[in-house]
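Asks: Below is a structure I'd like to ask you about.
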Amino acid sequence: MSTGNMNLTLKVWRQKNNNAKGALVDYKLADISPDMSFLEMFDVLNEQLINKGEEPVVFDHDCREGICGMCSMFINGRPHGPKDLVTTCQLHMRSFKDGDTIVVEPWRAAAFPVVKDLTVDRSAFDRVIAAGGFISVNTGNAQDANNLPIPKMQADAAFEAAACIGCGACVATCKNASAMLFVSAKISQLALLPQGQPERYRRVQSMVAQMDAEGFGNCTNTGACEAECPKGISLENIARMNRDFASAKFISEETV
Amino acid sequence: MSGFGNAFSSSIGKKFIMGITGLFLILFLIVHCGINALIFISDGGLTFNIGAHFMATNWAIRAGEVVLFIGLLVHIFQALRLTLQNQKARPVKYAVNDGKANSKWYSRSMGLLGTLLLIFLVVHLKDFWVVSRFTGIPTVDANGHEDLYAVMKEKFQDPVRVVVYILAMFSLCYHLLHGFASAFQTLGWNHSKYNGIIKGAGVWYSIIISILFAAMPIAVYFGLIQ
């Protein structure tokens with residue numbers, strides 16, 4: 001941890017577009033405040049690049065509050081950098097030391113093609129959600145709160161699964177580029193609640209089928225996803241998804 | 001999709017097959033290790049040979065042996081398929097990937113550990129299984145049973161073979177350390193009341209089985225059992 005301003009060497013993945021060949025490019029940054037966020041440090045770099053007439057580094061970001069799931073940098077071999085339970089935007093330069101070399105790469109997965117530099121296309125996640133990550137309800141007035149009693153444990157587990165921001169760190173860190181933590185969280189947040197029951201077994205089959213179609217890998221239970229997830233999504237969700245999948249295929253009489 | 005649809009061809013279904021065959025092989029190892037541990041009775045292998053004779057002649061065991069080989073082949077074939085698919089899921093590798101920050105090395109090396117085990121298995125089957133089933137055990141013991149114990153004593157006079165067997169048991173231990181609990185997780189058998197028991201049982205199982213197996217060539221080589 002540094003207190004004074006620091007000098008850093010960045011090795012940043014630069015890639016013109018999806019078809020171009022990319023490479024790590026070195027940048028020297030001087031006088032970086034430890035109070036800056038990681039993305040603010042990139043803003044400084046980009047301003048310098050623009051002033052020199054070079055192309056700025058393209059990276060995804062939106063809320064910069066750790067809740068939108070847009071930021072997505074693979075920093076020194078870990079998604080969202082060295083700190084647990086934070087997104088890249090909530091990572092601060094005080095987590096690095098003066099003189100450090102920091103390697104920044106995009107998420108690497110066949111299902112997440114690089115758009116440019118550090119930005120990847122995560123619309124595969126959107127298609128998985130569209131395949132069944134919803135409940136069908138009639139419009140109209142909202143029901144009275146607590147109309148449907150839900151046990152506290154159940155509600156908490158659903159809420160914890162719903163904390164997933166869909167950033168894709170689980171895919172990025174998984175040695176198999178598997179999306180099972182994401183998909184299982186999106187299945188669990190509905191499977192745990194009464195409103196999710198009518199479509200529960202249809203949902204798990206459709207979403208898993210879409211996940212496979214997108215070209216994500218297969219889970220080998222290394223637990224890297226859970227360890228790197230900025231929202232602490234639990235592996236329990238994957239077990240629940242597998243259980244629901246088995247129920248859907250071998251017990252449910254409904255066919256999708 | 002109709003009926004069972006893609007139950008076993010989907011990513012989760014393929015993992016089910018890995019988990020089920022894995023648990024089946026875990027059960028087999030208990031039987032295998034239990035019978036082999038009879039050599040520690042130190043009665044010149046008489047009890048061990050009774051066990052070996054039963055395993056070689058009982059029709060149910062022989063039928064089970066066929067199922068065992070099928071289970072093993074399915075486990076290997078499926079692992080290959082999954083590995084190839086997983087490699088395709090990340091065509092461009094990271095320049096820097098700090099795996100040790102988030103997972104155990106052996107959980108990321110199941111393919112390597114499994115391959116080492118497969119190579120060992122070829123050696124091991126040639127050493128004992130081929131002899132007892134095909135080429136024949138040359139001598140009989142005092143009870144008139146084929147003296148597999150004598151074969152074992154002779155094979156483990158070779159220090160190279162003893163070292164190979166011990167190293168293989170390290171691979172087995174780490175393969176099981178991840179595989180045991182992993183199979184339960186894959187099959188969805190994750191439950192806050194039982195997770196601790198499963199994890200604990202997995203660790204104890206892996207260590208006890210591997211140490212018992214490794215102790216056999218060591219004990220024979222150093223003449224610790226008679």
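Each chain of the structure tokens is named A, B, ... in the order shown, its residues numbered from 1; ligands are numbered from 1 in display order.
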Set the distance at 8 Å and use only C-alpha atoms: which residues neighbour segment 23-30 of chain B once local chain neighbours fewer than 4 positions away are removed? I'd like the list as a list in words.

Replies: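 Contacts, in chain order: Gly19, Gly34, Leu68, Gly71, Leu72, Phe180, Ala183 and Ile209 of chain B.
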
Asks: Based on the selection just made, write C-alpha atoms of those residues as a PDB file, in the first residue's frame.

Replies:
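Output file selection13.pdb is given in full below:
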ATOM      1  CA  GLY B  19     -19.865 -37.410 -11.211  1.00  0.00           C
ATOM      2  CA  GLY B  34     -10.096 -53.421   1.507  1.00  0.00           C
ATOM      3  CA  LEU B  68     -16.194 -51.293 -13.810  1.00  0.00           C
ATOM      4  CA  GLY B  71     -17.496 -46.970 -15.982  1.00  0.00           C
ATOM      5  CA  LEU B  72     -13.792 -46.252 -16.208  1.00  0.00           C
ATOM      6  CA  PHE B 180     -14.936 -36.652  -4.106  1.00  0.00           C
ATOM      7  CA  ALA B 183     -19.013 -35.188  -7.604  1.00  0.00           C
ATOM      8  CA  ILE B 209      -7.084 -44.872   0.558  1.00  0.00           C
TER       9      ILE B 209
END

Asks: Could you write out, as a count of residues only, all the residues of segment 2-65 of chain A that DSSP marks as strand (DSSP E)?

Replies: 19

Asks: Residues of chain A that approach chain B to 7 Å or less, counting only C-alpha atoms: could you list each one with the shortest pair of atoms and its distance in Å to one decimal, rows by chain and increasing residue number, as CSV?

Replies:
residue,atom,partner,partner_atom,distance
A:Asn76,CA,B:Val96,CA,6.0
A:Gly77,CA,B:Asn97,CA,3.7
A:Arg78,CA,B:Asp98,CA,6.1
A:Arg108,CA,B:Arg90,CA,6.2
A:Ala109,CA,B:Arg90,CA,4.5
A:Ala110,CA,B:Ala89,CA,5.0
A:Asn176,CA,B:Asn86,CA,4.7
A:Ala177,CA,B:Ala89,CA,5.8
A:Asp212,CA,B:Ser11,CA,6.5
A:Gly215,CA,B:Ala89,CA,6.0
A:Phe216,CA,B:Ala89,CA,5.5
A:Gly217,CA,B:Asn86,CA,4.6
A:Asn218,CA,B:Ser11,CA,5.7
A:Asn221,CA,B:Ser182,CA,6.0
A:Thr222,CA,B:Ser107,CA,5.2
A:Gly223,CA,B:Ser103,CA,6.1
A:Ala224,CA,B:Asn102,CA,4.8
A:Ala227,CA,B:Asn102,CA,5.4
A:Glu228,CA,B:Asn102,CA,6.7
A:Glu236,CA,B:Asn190,CA,6.5
A:Ala239,CA,B:Gly188,CA,4.0
A:Arg240,CA,B:Gly188,CA,5.9
A:Asn242,CA,B:Gly188,CA,5.2
A:Arg243,CA,B:Gly188,CA,4.6
A:Lys249,CA,B:Phe4,CA,5.5
A:Phe250,CA,B:Phe4,CA,6.7
A:Thr255,CA,B:Ser2,CA,5.5
A:Val256,CA,B:Met1,CA,5.8

Asks: Mind pulling up the distance from atom CA of Gly45 of chain B to atom CA of Tyr149 of chain B?

Replies: 5.4 Å

Asks: From a DSSP pass on the backbone, collect the residues of segment 82-238 of chain A flagged as alpha helix (DSSP H) and hand them back as JSON, numbers by chain.

Replies: {"A": [123, 124, 125, 126, 127, 128, 129, 130, 152, 153, 154, 155, 156, 157, 158, 159, 160, 161, 162, 169, 170, 171, 172, 173, 180, 181, 182, 183, 184, 185, 186, 187, 188, 189, 190, 191, 200, 201, 202, 203, 204, 205, 206, 207, 208, 209, 210, 211, 212, 213, 224, 225, 226, 227, 228, 236, 237, 238]}

Asks: Would you pick out the contacts of Ile165 of chain A at 7 Å or less, using only C-alpha atoms, so that residues sharing its chain but fewer than 3 positions from it are not included, and give the list as a list of chain:residue names?

Replies: A:Ile67, A:Cys68, A:Gly69

Asks: Which polymer residues have any atom within 9 Å of an atom of Thr87 of chain A, counting only C-alpha atoms, with same-chain residues fewer than 4 positions away left out, as a PyMOL selection string?

Replies: chain A and resi 64-67+69+71-73+79-81+83+91+167+229-231

Asks: Could the residues in this selection be saved with N, CA and C atoms as a PDB file, in the first residue's frame?

Replies:
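Contents of the output file again_11.pdb:
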ATOM      1  N   ARG A  64     -19.764   3.278 -12.078  1.00  0.00           N
ATOM      2  CA  ARG A  64     -18.573   3.478 -11.239  1.00  0.00           C
ATOM      3  C   ARG A  64     -18.925   3.448  -9.745  1.00  0.00           C
ATOM      4  N   GLU A  65     -19.974   2.721  -9.420  1.00  0.00           N
ATOM      5  CA  GLU A  65     -20.381   2.562  -8.028  1.00  0.00           C
ATOM      6  C   GLU A  65     -20.386   1.087  -7.619  1.00  0.00           C
ATOM      7  N   GLY A  66     -19.937   0.229  -8.532  1.00  0.00           N
ATOM      8  CA  GLY A  66     -19.867  -1.196  -8.207  1.00  0.00           C
ATOM      9  C   GLY A  66     -21.181  -1.929  -8.299  1.00  0.00           C
ATOM     10  N   ILE A  67     -22.178  -1.345  -8.987  1.00  0.00           N
ATOM     11  CA  ILE A  67     -23.474  -2.027  -9.027  1.00  0.00           C
ATOM     12  C   ILE A  67     -23.989  -2.319 -10.437  1.00  0.00           C
ATOM     13  N   GLY A  69     -22.171  -3.572 -13.189  1.00  0.00           N
ATOM     14  CA  GLY A  69     -21.606  -4.761 -13.825  1.00  0.00           C
ATOM     15  C   GLY A  69     -20.953  -4.507 -15.165  1.00  0.00           C
ATOM     16  N   CYS A  71     -17.915  -2.696 -15.745  1.00  0.00           N
ATOM     17  CA  CYS A  71     -16.446  -2.730 -15.803  1.00  0.00           C
ATOM     18  C   CYS A  71     -15.955  -4.173 -15.772  1.00  0.00           C
ATOM     19  N   SER A  72     -14.850  -4.406 -16.433  1.00  0.00           N
ATOM     20  CA  SER A  72     -14.523  -5.797 -16.739  1.00  0.00           C
ATOM     21  C   SER A  72     -13.049  -6.006 -17.036  1.00  0.00           C
ATOM     22  N   MET A  73     -12.169  -5.535 -16.199  1.00  0.00           N
ATOM     23  CA  MET A  73     -10.753  -5.705 -16.546  1.00  0.00           C
ATOM     24  C   MET A  73     -10.140  -6.895 -15.815  1.00  0.00           C
ATOM     25  N   PRO A  79      -9.818 -11.248 -12.335  1.00  0.00           N
ATOM     26  CA  PRO A  79     -10.877 -10.328 -12.757  1.00  0.00           C
ATOM     27  C   PRO A  79     -11.150  -9.300 -11.663  1.00  0.00           C
ATOM     28  N   HIS A  80     -11.274  -8.071 -12.020  1.00  0.00           N
ATOM     29  CA  HIS A  80     -11.490  -6.960 -11.083  1.00  0.00           C
ATOM     30  C   HIS A  80     -10.313  -6.770 -10.119  1.00  0.00           C
ATOM     31  N   GLY A  81      -9.168  -7.338 -10.448  1.00  0.00           N
ATOM     32  CA  GLY A  81      -7.966  -7.052  -9.668  1.00  0.00           C
ATOM     33  C   GLY A  81      -7.810  -7.829  -8.375  1.00  0.00           C
ATOM     34  N   LYS A  83      -8.315  -7.281  -5.125  1.00  0.00           N
ATOM     35  CA  LYS A  83      -9.188  -7.209  -3.944  1.00  0.00           C
ATOM     36  C   LYS A  83     -10.396  -8.122  -4.107  1.00  0.00           C
ATOM     37  N   LEU A  91     -11.970  -0.545  -7.171  1.00  0.00           N
ATOM     38  CA  LEU A  91     -10.588  -0.861  -6.824  1.00  0.00           C
ATOM     39  C   LEU A  91      -9.794   0.440  -6.840  1.00  0.00           C
ATOM     40  N   CYS A 167     -21.448  -9.234 -14.490  1.00  0.00           N
ATOM     41  CA  CYS A 167     -20.236  -8.621 -15.040  1.00  0.00           C
ATOM     42  C   CYS A 167     -19.421  -9.619 -15.865  1.00  0.00           C
ATOM     43  N   CYS A 229     -15.965 -13.580  -7.572  1.00  0.00           N
ATOM     44  CA  CYS A 229     -17.213 -12.833  -7.812  1.00  0.00           C
ATOM     45  C   CYS A 229     -17.264 -11.585  -6.947  1.00  0.00           C
ATOM     46  N   PRO A 230     -17.443 -10.406  -7.567  1.00  0.00           N
ATOM     47  CA  PRO A 230     -17.482  -9.177  -6.765  1.00  0.00           C
ATOM     48  C   PRO A 230     -18.701  -9.114  -5.850  1.00  0.00           C
ATOM     49  N   LYS A 231     -19.680  -9.956  -6.100  1.00  0.00           N
ATOM     50  CA  LYS A 231     -20.891  -9.940  -5.273  1.00  0.00           C
ATOM     51  C   LYS A 231     -20.991 -11.177  -4.389  1.00  0.00           C
TER      52      LYS A 231
END

Asks: Do a neighbour search on segment 158-168 of chain B at 12 Å with only C-alpha atoms, toss out local chain neighbours closer than 4 positions, and write the hits as a PyMOL selection string.

Replies: chain B and resi 112-124+127+152-154+172-175+210-222

Asks: For the residues in the current selection, export C-alpha atoms as a CSV table (one decimal), in the first residue's frame.

Replies:
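Final output, again.csv:
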chain,number,residue,atom,x,y,z
B,112,LEU,CA,-3.2,-34.0,-15.7
B,113,LEU,CA,-3.7,-36.1,-12.6
B,114,GLY,CA,-6.1,-38.3,-14.4
B,115,THR,CA,-3.7,-38.8,-17.3
B,116,LEU,CA,-0.9,-39.8,-14.8
B,117,LEU,CA,-3.4,-42.3,-13.2
B,118,LEU,CA,-4.3,-43.7,-16.6
B,119,ILE,CA,-0.6,-44.3,-17.4
B,120,PHE,CA,-0.2,-45.9,-14.0
B,121,LEU,CA,-3.2,-48.0,-14.6
B,122,VAL,CA,-1.8,-49.5,-17.7
B,123,VAL,CA,1.4,-50.5,-15.8
B,124,HIS,CA,-0.7,-51.7,-12.9
B,127,ASP,CA,1.5,-56.2,-13.4
B,152,MET,CA,2.9,-59.2,-5.5
B,153,LYS,CA,6.0,-60.0,-3.4
B,154,GLU,CA,8.0,-60.7,-6.5
B,172,LEU,CA,-4.7,-40.5,-6.8
B,173,CYS,CA,-4.8,-38.6,-3.5
B,174,TYR,CA,-5.0,-35.2,-5.2
B,175,HIS,CA,-7.4,-36.5,-7.9
B,210,SER,CA,-3.9,-43.4,-0.9
B,211,ILE,CA,-1.8,-44.2,2.2
B,212,LEU,CA,-3.1,-47.7,2.4
B,213,PHE,CA,-2.3,-48.4,-1.2
B,214,ALA,CA,1.1,-46.8,-1.0
B,215,ALA,CA,1.9,-48.8,2.2
B,216,MET,CA,1.5,-52.1,0.3
B,217,PRO,CA,4.6,-51.8,-2.0
B,218,ILE,CA,6.5,-50.2,0.8
B,219,ALA,CA,5.7,-52.9,3.2
B,220,VAL,CA,6.5,-55.7,0.7
B,221,TYR,CA,9.7,-54.1,-0.5
B,222,PHE,CA,11.1,-53.6,3.0

Asks: Residues within 12 Å of Asp43 of chain A, please, as number ranges by chain. Count only C-alpha atoms; anything in the same chain fewer than 2 positions from it doesn't count.

Replies: A: 29, 32, 36-41, 45-50, 56-61, 89

Asks: Could you write out the selected residues, including C-alpha atoms, as an mmCIF file, in the first residue's frame?

Replies:
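Once written, out13.cif looks like this:
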data_model
loop_
_atom_site.group_PDB
_atom_site.id
_atom_site.type_symbol
_atom_site.label_atom_id
_atom_site.label_comp_id
_atom_site.auth_asym_id
_atom_site.auth_seq_id
_atom_site.Cartn_x
_atom_site.Cartn_y
_atom_site.Cartn_z
ATOM 1 C CA LEU A 29 2.313 6.560 -15.789
ATOM 2 C CA ILE A 32 -0.710 8.565 -9.807
ATOM 3 C CA MET A 36 -7.733 7.308 -7.503
ATOM 4 C CA SER A 37 -9.907 4.450 -8.588
ATOM 5 C CA PHE A 38 -8.466 2.033 -11.136
ATOM 6 C CA LEU A 39 -10.724 3.489 -13.829
ATOM 7 C CA GLU A 40 -9.703 7.057 -12.946
ATOM 8 C CA MET A 41 -6.125 5.963 -13.464
ATOM 9 C CA LEU A 45 -3.803 7.477 -19.210
ATOM 10 C CA ASN A 46 -6.414 8.180 -21.880
ATOM 11 C CA GLU A 47 -6.105 11.954 -21.497
ATOM 12 C CA GLN A 48 -2.371 11.634 -21.979
ATOM 13 C CA LEU A 49 -2.897 9.443 -25.054
ATOM 14 C CA ILE A 50 -5.413 11.907 -26.523
ATOM 15 C CA PRO A 56 -7.371 6.134 -26.101
ATOM 16 C CA VAL A 57 -7.832 2.712 -24.515
ATOM 17 C CA VAL A 58 -11.421 1.536 -24.883
ATOM 18 C CA PHE A 59 -12.877 -0.006 -21.738
ATOM 19 C CA ASP A 60 -16.386 -0.676 -20.419
ATOM 20 C CA HIS A 61 -17.694 1.314 -17.450
ATOM 21 C CA CYS A 89 -14.346 0.697 -10.519
#

Asks: With distances taken over only C-alpha atoms, which residue among B:Asn49, B:Gly202, B:Gly44, B:Val74 lies nearest Ile137 of chain B?

Replies: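 Closest to Ile137 of chain B, using only C-alpha atoms: B:Asn49.
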
Asks: Just to confirm, what's the straight-line distance from atom CA of Gly132 of chain A to atom CA of Met207 of chain A in Å (one decimal)?

Replies: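 Here the two named atoms are 5.7 Å from each other.
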
Asks: For segment 185-200 of chain A, please output as a ChimeraX atom specification all residues within 7 Å (counting only C-alpha atoms; exclusion window: fewer than 3 positions along the same chain).

Replies: /A:133,135,154,158-159,161-162,164,181-182,203-204,237,241

Asks: Between atom CA of Lys11 of chain A and atom CA of Leu118 of chain A, what is the spacing in Å?

Replies: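 Between atom CA of Leu118 of chain A and atom CA of Lys11 of chain A the gap is 11.8 Å.
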